[in-house]
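Colleague: This is the structure I have questions about; it appears just below.
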Amino acid sequence: MTEKYHRNDPMSDVISDDYRMLQLINRFGITLGFGDHSVADTCSAAGVDTATFLAVVNYVKDETHSRPDALADVVSLPALMQYLKNSHSYFVDYRLPHIRRQLIEAIDYSAGGRIAFLILRFYDEWAAEVARHMEYENTSVHPYVERLLHGVLPAETFESIVCRHEDSHSSIEKSIAELKSIIIKYSPTGTNAQHLSDVLMEIYMAEEDLLLHCRLEDTLFAECVRRLEREVRQRGTTADIGNNECPADYSSNEELSEREKEIVAEVARGLSNKAIAEALFISVNTVMTHRRNISRKLSIHSTAGLTIYAIANGLVSLEEV
Ligand SMILES: [Fe+2]
Ligand SMILES: [Fe+2]
């Protein structure tokens, strides 16, 4: 890969070529108004590591993300972690609440009733999943890397810490795809069409931004951490190796069986797994197996999403939920 931007390029070229760079400079703490100054001069004035800034900019511009190892050669891990932390704050404190406000404005809750409320609940569950994910990175993944930067090899490995992460990137990506699909398919009549298009555009852009963030962590950030881990290990510190397997991705277009439809209906009526087991004379384990299969088939993983599906497909009436 040939890098698109270099230290002596005017910073204004970086921004005017690609609107995504606006978010990127904010997260590095660089503000607009840099005149004709170069990338290096602008970064230096803002106290930003130029090589790390260029590595992230060039990573974003390279749609294939095929050479994280070349970019990792020049990255400063503390600078990259600060960028990731700032990105977490941006998503959790600004972007996601902003989309929620737009969603409230777009959907007519008096006309939409229960479905409108469930769409909002689905959104809130997804936003909470993203916030938990980023909190875990701030409080577990980054401190692990900081210990490595201080020359300490912790008992766990980077792989095990990342894989233990319950709310993985693939889960966040699946959930935002479900959210878009639910809004597109099930938005109640009476919804403000222009506002709804606006909020969907916002969600598409947030999705693009979030996926890029996840890719950067999975490739460039992970490559930098693995290198550091190897270096610290080679210096002779011993470590316990514990590797957990990451959950596999899945997708399917299979239809629900009659039994699975019954279970979706009971979930929509608000029954717990135990209550469903008692109502259908099956074990709780069997209910849980059915629920896993249902989520796999529908690509819907939350109770709010299943409830919307049940209403929209006539498995329950609005009055029952
Ligand atoms: Fe992150
Ligand atoms: Fe992440």
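Chain labels run A, B, ... following the order of the structure tokens; each chain numbers its residues from 1, and ligands are numbered from 1 in the order shown.
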For chain A versus ligand 2, which residues have an atom no more than 9 Å away, and what is each residue's nearest atom pair and distance in Å rounded to one decimal, using only C-alpha atoms and all ligand atoms, chain-then-number order, as a tab-separated table?
Modeller:
```
residue	atom	partner	partner_atom_place_in_ligand_line	distance
A:Leu84	CA	ligand 2	1 (Fe)	8.8
A:His88	CA	ligand 2	1 (Fe)	8.8
A:Val130	CA	ligand 2	1 (Fe)	8.5
A:His133	CA	ligand 2	1 (Fe)	6.4
A:Met134	CA	ligand 2	1 (Fe)	6.1
A:Tyr136	CA	ligand 2	1 (Fe)	8.7
A:Glu137	CA	ligand 2	1 (Fe)	6.7
A:Val162	CA	ligand 2	1 (Fe)	8.9
A:Asp167	CA	ligand 2	1 (Fe)	8.8
A:Ser168	CA	ligand 2	1 (Fe)	7.2
A:His169	CA	ligand 2	1 (Fe)	6.0
A:Leu210	CA	ligand 2	1 (Fe)	8.7
A:His213	CA	ligand 2	1 (Fe)	7.0
A:Cys214	CA	ligand 2	1 (Fe)	5.0
A:Arg215	CA	ligand 2	1 (Fe)	8.4
A:Leu216	CA	ligand 2	1 (Fe)	8.8
A:Glu217	CA	ligand 2	1 (Fe)	6.2
A:Asp218	CA	ligand 2	1 (Fe)	7.8
```
Colleague: Counting only C-alpha atoms, what is within 9 Å of Lys61 in chain A, bar same-chain residues fewer than 6 positions away, as JSON, numbers by chain?
Modeller: {"A": [3, 4, 18]}
Colleague: For Glu207 in chain A, which of A:Arg259, A:Lys274, A:Arg296, A:Arg95 is the closest residue, counting only C-alpha atoms?
Modeller: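 For Glu207 in chain A, the nearest of the given residues is A:Arg95.
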Colleague: Using only C-alpha atoms for the distances, tell me which of A:Ser283, A:Thr157, A:Asn86, A:Ser76 is nearest to Gly29 in chain A.
Modeller: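 Answer, going by the shortest atom-to-atom distance: A:Asn86.
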Colleague: As a list in words, please: the residues near Gly33 in chain A (cut-off 10 Å, only C-alpha atoms, same-chain neighbours under 4 positions excluded).
Modeller: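 Skipping anything fewer than 4 positions along the chain leaves Met11, Ser12, His37 and Thr42 of chain A.
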Colleague: To test your reading of the structure, identify every residue in range 258-315 of chain A that backbone DSSP assigns to alpha helix (DSSP H), and report it as a PyMOL selection string.
Modeller: chain A and resi 258-268+273-280+284-298+303-312
Colleague: Taking into account only C-alpha atoms, which residue in the set A:Val60, A:Leu315, A:Met205, A:Ile182 is nearest to Leu298 in chain A?
Modeller: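 Checking each candidate against Leu298 in chain A, we get A:Ile182 as the closest.
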Colleague: Just to confirm, what's the straight-line distance from CA of Asp62 in chain A to CA of Leu96 in chain A in Å (one decimal)?
Modeller: 26.4 Å
Colleague: Skipping near chain neighbours, those fewer than 2 positions away, what residues fall within 7 Å of range 23-28 of chain A using only C-alpha atoms, listed as a count of residues only?
Modeller: 8
Colleague: Show me, as JSON, numbers by chain, the residues that have an atom within 12 Å of Glu254 in chain A when counting only C-alpha atoms, minus same-chain residues fewer than 2 positions from it.
Modeller: {"A": [251, 252, 256, 257, 260, 293, 294, 295, 296, 297, 298, 299]}
Colleague: Show me, as a VMD selection string, the residues that have an atom within 10 Å of Glu202 in chain A when counting only C-alpha atoms, minus same-chain residues fewer than 3 positions from it.
Modeller: chain A and resid 95 to 96 98 to 99 102 to 103 196 to 199 205 to 208
Colleague: Can you tell me, as a PyMOL selection string, what residues are no more than 10 Å from Trp126 in chain A when counting only C-alpha atoms, ignoring any on the same chain fewer than 5 positions away?
Modeller: chain A and resi 96+120-121+131-132+171-176+178-179+302
Colleague: Using only C-alpha atoms and all ligand atoms, which residue out of A:Cys224, A:Ile263, A:Ile15, A:Val92 lies closest to ligand 1?
Modeller: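 Distance minimum relative to ligand 1 lands on A:Val92.
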Colleague: Pick the closest to Thr2 in chain A from A:Tyr94, A:Tyr309, A:Phe122, A:Tyr59: which is it, counting only C-alpha atoms?
Modeller: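 Among the listed residues, the smallest separation from Thr2 in chain A belongs to A:Tyr59.
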Colleague: Report, in Å to a single decimal, how far apart CA of Leu80 in chain A and CA of Leu228 in chain A are.
Modeller: 13.5 Å
